Amino acid sequence: MKRGKEHGYYHSKINRRKALTGFCFSLPVIFGIIVLFCVPMVQSLRMAFSNVSVEREAGLVFYPNGWGNFLYAFTEHESFTRDLWDSFWNMVTTVPVILFMSFFCAMLINQKFPGRAVVRVIFFLPIIYASSAMMSVDAGDVMQQAMQNAGYKSIEASQGFLQSFQMAEYIRQFGLPQWFVDFLTSVVDKVYEIISLSGVQILIMLAALQSISPSLYEAAHVEGAGGWEKFWLITLPMASSSLLLCLIYSIIDSFVAYNNPIVVLTQELMGNMRYGYSAAMSWVYFLMVSVILGLVAFLGSKLVFTYDKQR
């Protein structure tokens, strides 16, 4: 009995030492979250409910304004509400296509065929292209700028016009509803954006597919299951957690990529020096994204396959 108590004390001492070591390694992260995240958030929340002015001697001076800054953002600002809706609609129309494309591409490059390594590198290129250096190069397209200066139409605008107009006219001949036609044309116009935003999701889905045990497919094959049954009963459930991760990542990425509200609140902050209005707009944008992510995470967790649910 005494030996058992000594053994338990020894293990508890080791566990305390491990916990202390983990806490020490986590201190820089905790310090960064408090100083670089929590403090600015509290400061911005204070600004959102105040009129802020800069005085030479006192610095930033806060005058309580209640909900005035939020009312200005929704009732008086000319484009903030519209930009919020546009960013939300862009997420709704883009994220499902990104998920479908990433899952489909991951299924393709997970197959065994000659040159598979080269194909995987090609699908990884959107991640490299999406880097800040490549985006700055793309934003300063010298050839396109020269053509615009010469009087030619923008290449992107010309392609978008042809893609949207011709495809819309062709689809309307089948009697499809207008909302479906608008959805398809918007997806076609965003092919470049969708491809550039799908690199990380393809890698995540490829890792999820490769983590599925081949014995599950072998057992299903012995039972007489075909490819369709294997997909719905094995592949999709086992990869559902990674699909939820890709969904959350894609939602965040879409709000970052289409950042008209961010441009508006930055203009209010840097251009017009309206700190209170900018802080109120940033909190509205933050809460909108947080609510969407919370709903997606809550509903998605109900559909994700886990071994605990099967017991």
# chains A, B, ... in the order shown; residues from 1 in each chain; ligands from 1
call {"tool": "residues_around", "arguments": {"residues": "region 217-220 of chain A", "least_positions_apart": "2", "cutoff": "12 Å", "atoms": "only C-alpha atoms", "output": "list in words"}}
result
Leu209, Ile212, Ser213, Pro214, Ser215, Val222, Glu223, Gly224, Ala225, Gly226, Gly227, Trp228, Glu229, Lys230, Phe231, Trp232, Leu233, Ile234, Thr235 and Met238 of chain A
call {"tool": "write_last_selection", "arguments": {"atoms": "N, CA and C atoms", "output": "compact mmCIF listing (two decimals), in the first residue's frame"}}
result
# COMPACT_ATOMS: atom_id res chain seq x y z
N LEU A 209 -7.53 12.36 -47.01
CA LEU A 209 -7.76 11.16 -47.81
C LEU A 209 -6.67 10.12 -47.59
N ILE A 212 -7.00 7.84 -44.39
CA ILE A 212 -8.02 6.79 -44.33
C ILE A 212 -7.35 5.43 -44.53
N SER A 213 -7.63 4.51 -43.65
CA SER A 213 -6.99 3.19 -43.70
C SER A 213 -7.45 2.41 -44.93
N PRO A 214 -6.52 1.85 -45.70
CA PRO A 214 -6.92 1.04 -46.88
C PRO A 214 -7.72 -0.19 -46.50
N SER A 215 -7.60 -0.64 -45.25
CA SER A 215 -8.35 -1.83 -44.84
C SER A 215 -9.86 -1.59 -44.89
N VAL A 222 -14.76 -6.45 -50.26
CA VAL A 222 -15.12 -7.85 -50.00
C VAL A 222 -16.63 -7.98 -49.82
N GLU A 223 -17.24 -6.98 -49.18
CA GLU A 223 -18.69 -7.01 -48.97
C GLU A 223 -19.48 -6.68 -50.23
N GLY A 224 -18.78 -6.34 -51.31
CA GLY A 224 -19.46 -6.08 -52.57
C GLY A 224 -19.81 -4.63 -52.82
N ALA A 225 -19.23 -3.70 -52.06
CA ALA A 225 -19.52 -2.28 -52.26
C ALA A 225 -18.79 -1.75 -53.49
N GLY A 226 -19.46 -0.88 -54.23
CA GLY A 226 -18.86 -0.25 -55.38
C GLY A 226 -18.21 1.07 -55.04
N GLY A 227 -17.72 1.76 -56.06
CA GLY A 227 -17.06 3.04 -55.83
C GLY A 227 -17.99 4.09 -55.23
N TRP A 228 -19.25 4.10 -55.67
CA TRP A 228 -20.21 5.07 -55.16
C TRP A 228 -20.48 4.84 -53.68
N GLU A 229 -20.69 3.59 -53.30
CA GLU A 229 -20.93 3.27 -51.88
C GLU A 229 -19.70 3.56 -51.04
N LYS A 230 -18.50 3.28 -51.55
CA LYS A 230 -17.27 3.56 -50.80
C LYS A 230 -17.12 5.06 -50.55
N PHE A 231 -17.51 5.86 -51.53
CA PHE A 231 -17.37 7.30 -51.36
C PHE A 231 -18.29 7.81 -50.27
N TRP A 232 -19.57 7.42 -50.30
CA TRP A 232 -20.55 7.96 -49.37
C TRP A 232 -20.45 7.35 -47.98
N LEU A 233 -19.99 6.11 -47.89
CA LEU A 233 -19.96 5.43 -46.60
C LEU A 233 -18.59 5.44 -45.93
N ILE A 234 -17.52 5.70 -46.70
CA ILE A 234 -16.17 5.67 -46.12
C ILE A 234 -15.47 7.01 -46.33
N THR A 235 -15.28 7.42 -47.60
CA THR A 235 -14.46 8.59 -47.90
C THR A 235 -15.04 9.86 -47.30
N MET A 238 -15.17 9.90 -43.30
CA MET A 238 -13.85 9.96 -42.69
C MET A 238 -13.16 11.29 -42.95
call {"tool": "closest_residue", "arguments": {"among": "A:Leu197, A:Leu216, A:Leu265, A:Val304", "to": "Trp283 (chain A)", "atoms": "only C-alpha atoms"}}
result
A:Leu265
call {"tool": "residues_around", "arguments": {"residues": "region 77-82 of chain A", "least_positions_apart": "4", "cutoff": "12 Å", "atoms": "only C-alpha atoms", "output": "list in words"}}
result
Asn69, Phe70, Leu71, Tyr72, Ala73, Asp86, Ser87, Phe88, Trp89, Asn259, Asn260, Pro261, Ile262, Val263, Val264, Leu265, Thr266, Gln267, Glu268, Tyr277, Ser278, Ala280, Met281, Ser282, Val284, Tyr285 and Met288 of chain A
call {"tool": "atom_distance", "arguments": {"atom1": "CA of Phe103 (chain A)", "atom2": "CA of Arg116 (chain A)"}}
result
16.5 Å
call {"tool": "select_by_dssp", "arguments": {"residues": "region 188-304 of chain A", "states": "alpha helix (DSSP H)", "output": "PyMOL selection string"}}
result
chain A and resi 188-189+191-196+199-210+214-222+227-230+236-238+240-257+260-266+275-303
call {"tool": "atom_distance", "arguments": {"atom1": "CA of Trp67 (chain A)", "atom2": "CA of Cys38 (chain A)"}}
result
21.9 Å
call {"tool": "residues_around", "arguments": {"residues": "Ile98 (chain A)", "least_positions_apart": "5", "cutoff": "9 Å", "atoms": "only C-alpha atoms", "output": "short mmCIF file (atom, residue, chain, number, x, y, z; two decimals) with C-alpha atoms, in the first residue's frame"}}
result
data_model
loop_
_atom_site.label_atom_id
_atom_site.label_comp_id
_atom_site.auth_asym_id
_atom_site.auth_seq_id
_atom_site.Cartn_x
_atom_site.Cartn_y
_atom_site.Cartn_z
CA PHE A 103 -12.14 18.00 -52.59
CA ILE A 194 -11.25 30.41 -56.74
CA ILE A 195 -8.15 28.68 -58.07
CA LEU A 197 -7.70 30.42 -52.93
CA SER A 198 -7.90 26.61 -53.15
CA GLN A 201 -7.69 23.33 -48.91
CA LEU A 247 -14.97 25.37 -44.66
CA SER A 250 -12.34 29.32 -46.61
#
call {"tool": "closest_residue", "arguments": {"among": "A:Val119, A:Met107, A:Ile248, A:Leu303", "to": "Met91 (chain A)", "atoms": "only C-alpha atoms"}}
result
A:Ile248
call {"tool": "atom_distance", "arguments": {"atom1": "CA of Thr185 (chain A)", "atom2": "CA of Val92 (chain A)"}}
result
14.1 Å
call {"tool": "select_by_dssp", "arguments": {"residues": "region 3-107 of chain A", "states": "strand (DSSP E or B)", "output": "ChimeraX atom specification"}}
result
/A:50-55,59-64
call {"tool": "residues_around", "arguments": {"residues": "Ile251 (chain A)", "least_positions_apart": "6", "cutoff": "9 Å", "atoms": "only C-alpha atoms", "output": "list of chain:residue names"}}
result
A:Met91, A:Val92, A:Thr94, A:Val95, A:Val289, A:Ile292, A:Leu293
call {"tool": "closest_residue", "arguments": {"among": "A:Ala239, A:Val121, A:Ala297, A:Ile202", "to": "Phe104 (chain A)", "atoms": "only C-alpha atoms"}}
result
A:Ile202
call {"tool": "decode", "arguments": {"residues": "region 97-125 of chain A", "atoms": "N, CA and C atoms", "output": "PDB file, in the first residue's frame"}}
result
ATOM      1  N   VAL A  97     -17.942  26.558 -53.877  1.00  0.00           N
ATOM      2  CA  VAL A  97     -17.199  26.161 -55.076  1.00  0.00           C
ATOM      3  C   VAL A  97     -15.754  25.810 -54.717  1.00  0.00           C
ATOM      4  N   ILE A  98     -15.153  26.579 -53.803  1.00  0.00           N
ATOM      5  CA  ILE A  98     -13.787  26.281 -53.369  1.00  0.00           C
ATOM      6  C   ILE A  98     -13.723  24.916 -52.699  1.00  0.00           C
ATOM      7  N   LEU A  99     -14.702  24.610 -51.833  1.00  0.00           N
ATOM      8  CA  LEU A  99     -14.722  23.307 -51.163  1.00  0.00           C
ATOM      9  C   LEU A  99     -14.883  22.172 -52.167  1.00  0.00           C
ATOM     10  N   PHE A 100     -15.804  22.337 -53.108  1.00  0.00           N
ATOM     11  CA  PHE A 100     -16.015  21.289 -54.110  1.00  0.00           C
ATOM     12  C   PHE A 100     -14.761  21.086 -54.959  1.00  0.00           C
ATOM     13  N   MET A 101     -14.141  22.178 -55.387  1.00  0.00           N
ATOM     14  CA  MET A 101     -12.959  22.068 -56.226  1.00  0.00           C
ATOM     15  C   MET A 101     -11.795  21.446 -55.465  1.00  0.00           C
ATOM     16  N   SER A 102     -11.581  21.860 -54.217  1.00  0.00           N
ATOM     17  CA  SER A 102     -10.468  21.320 -53.439  1.00  0.00           C
ATOM     18  C   SER A 102     -10.660  19.837 -53.169  1.00  0.00           C
ATOM     19  N   PHE A 103     -11.881  19.427 -52.847  1.00  0.00           N
ATOM     20  CA  PHE A 103     -12.145  18.005 -52.592  1.00  0.00           C
ATOM     21  C   PHE A 103     -12.003  17.189 -53.864  1.00  0.00           C
ATOM     22  N   PHE A 104     -12.500  17.717 -54.973  1.00  0.00           N
ATOM     23  CA  PHE A 104     -12.403  17.014 -56.250  1.00  0.00           C
ATOM     24  C   PHE A 104     -10.950  16.876 -56.690  1.00  0.00           C
ATOM     25  N   CYS A 105     -10.177  17.953 -56.569  1.00  0.00           N
ATOM     26  CA  CYS A 105      -8.769  17.891 -56.949  1.00  0.00           C
ATOM     27  C   CYS A 105      -7.984  16.948 -56.038  1.00  0.00           C
ATOM     28  N   ALA A 106      -8.300  16.964 -54.740  1.00  0.00           N
ATOM     29  CA  ALA A 106      -7.622  16.055 -53.814  1.00  0.00           C
ATOM     30  C   ALA A 106      -7.936  14.609 -54.150  1.00  0.00           C
ATOM     31  N   MET A 107      -9.168  14.323 -54.546  1.00  0.00           N
ATOM     32  CA  MET A 107      -9.517  12.955 -54.965  1.00  0.00           C
ATOM     33  C   MET A 107      -8.729  12.543 -56.200  1.00  0.00           C
ATOM     34  N   LEU A 108      -8.527  13.486 -57.125  1.00  0.00           N
ATOM     35  CA  LEU A 108      -7.799  13.160 -58.350  1.00  0.00           C
ATOM     36  C   LEU A 108      -6.333  12.872 -58.080  1.00  0.00           C
ATOM     37  N   ILE A 109      -5.660  13.759 -57.366  1.00  0.00           N
ATOM     38  CA  ILE A 109      -4.222  13.597 -57.162  1.00  0.00           C
ATOM     39  C   ILE A 109      -3.904  12.557 -56.098  1.00  0.00           C
ATOM     40  N   ASN A 110      -4.940  12.030 -55.432  1.00  0.00           N
ATOM     41  CA  ASN A 110      -4.715  10.930 -54.491  1.00  0.00           C
ATOM     42  C   ASN A 110      -4.637   9.586 -55.195  1.00  0.00           C
ATOM     43  N   GLN A 111      -5.057   9.545 -56.469  1.00  0.00           N
ATOM     44  CA  GLN A 111      -4.974   8.302 -57.230  1.00  0.00           C
ATOM     45  C   GLN A 111      -3.531   8.017 -57.645  1.00  0.00           C
ATOM     46  N   LYS A 112      -3.266   6.758 -57.943  1.00  0.00           N
ATOM     47  CA  LYS A 112      -1.930   6.348 -58.385  1.00  0.00           C
ATOM     48  C   LYS A 112      -1.852   6.430 -59.908  1.00  0.00           C
ATOM     49  N   PHE A 113      -0.960   7.294 -60.410  1.00  0.00           N
ATOM     50  CA  PHE A 113      -0.749   7.446 -61.843  1.00  0.00           C
ATOM     51  C   PHE A 113       0.643   8.016 -62.064  1.00  0.00           C
ATOM     52  N   PRO A 114       1.223   7.834 -63.232  1.00  0.00           N
ATOM     53  CA  PRO A 114       2.572   8.361 -63.495  1.00  0.00           C
ATOM     54  C   PRO A 114       2.592   9.894 -63.425  1.00  0.00           C
ATOM     55  N   GLY A 115       3.644  10.427 -62.802  1.00  0.00           N
ATOM     56  CA  GLY A 115       3.782  11.870 -62.679  1.00  0.00           C
ATOM     57  C   GLY A 115       2.931  12.481 -61.589  1.00  0.00           C
ATOM     58  N   ARG A 116       2.528  11.669 -60.607  1.00  0.00           N
ATOM     59  CA  ARG A 116       1.658  12.178 -59.547  1.00  0.00           C
ATOM     60  C   ARG A 116       2.351  13.267 -58.734  1.00  0.00           C
ATOM     61  N   ALA A 117       3.657  13.129 -58.498  1.00  0.00           N
ATOM     62  CA  ALA A 117       4.383  14.129 -57.707  1.00  0.00           C
ATOM     63  C   ALA A 117       4.402  15.485 -58.417  1.00  0.00           C
ATOM     64  N   VAL A 118       4.562  15.479 -59.747  1.00  0.00           N
ATOM     65  CA  VAL A 118       4.576  16.732 -60.500  1.00  0.00           C
ATOM     66  C   VAL A 118       3.206  17.402 -60.449  1.00  0.00           C
ATOM     67  N   VAL A 119       2.154  16.602 -60.554  1.00  0.00           N
ATOM     68  CA  VAL A 119       0.800  17.155 -60.512  1.00  0.00           C
ATOM     69  C   VAL A 119       0.512  17.781 -59.157  1.00  0.00           C
ATOM     70  N   ARG A 120       1.016  17.154 -58.081  1.00  0.00           N
ATOM     71  CA  ARG A 120       0.802  17.708 -56.745  1.00  0.00           C
ATOM     72  C   ARG A 120       1.526  19.043 -56.586  1.00  0.00           C
ATOM     73  N   VAL A 121       2.708  19.151 -57.179  1.00  0.00           N
ATOM     74  CA  VAL A 121       3.426  20.416 -57.131  1.00  0.00           C
ATOM     75  C   VAL A 121       2.650  21.501 -57.872  1.00  0.00           C
ATOM     76  N   ILE A 122       2.042  21.146 -58.999  1.00  0.00           N
ATOM     77  CA  ILE A 122       1.261  22.116 -59.769  1.00  0.00           C
ATOM     78  C   ILE A 122       0.068  22.615 -58.958  1.00  0.00           C
ATOM     79  N   PHE A 123      -0.590  21.706 -58.238  1.00  0.00           N
ATOM     80  CA  PHE A 123      -1.725  22.121 -57.420  1.00  0.00           C
ATOM     81  C   PHE A 123      -1.286  22.919 -56.200  1.00  0.00           C
ATOM     82  N   PHE A 124      -0.015  22.832 -55.833  1.00  0.00           N
ATOM     83  CA  PHE A 124       0.493  23.620 -54.716  1.00  0.00           C
ATOM     84  C   PHE A 124       0.862  25.035 -55.137  1.00  0.00           C
ATOM     85  N   LEU A 125       0.981  25.274 -56.435  1.00  0.00           N
ATOM     86  CA  LEU A 125       1.386  26.590 -56.921  1.00  0.00           C
ATOM     87  C   LEU A 125       0.463  27.727 -56.483  1.00  0.00           C
TER      88      LEU A 125
END
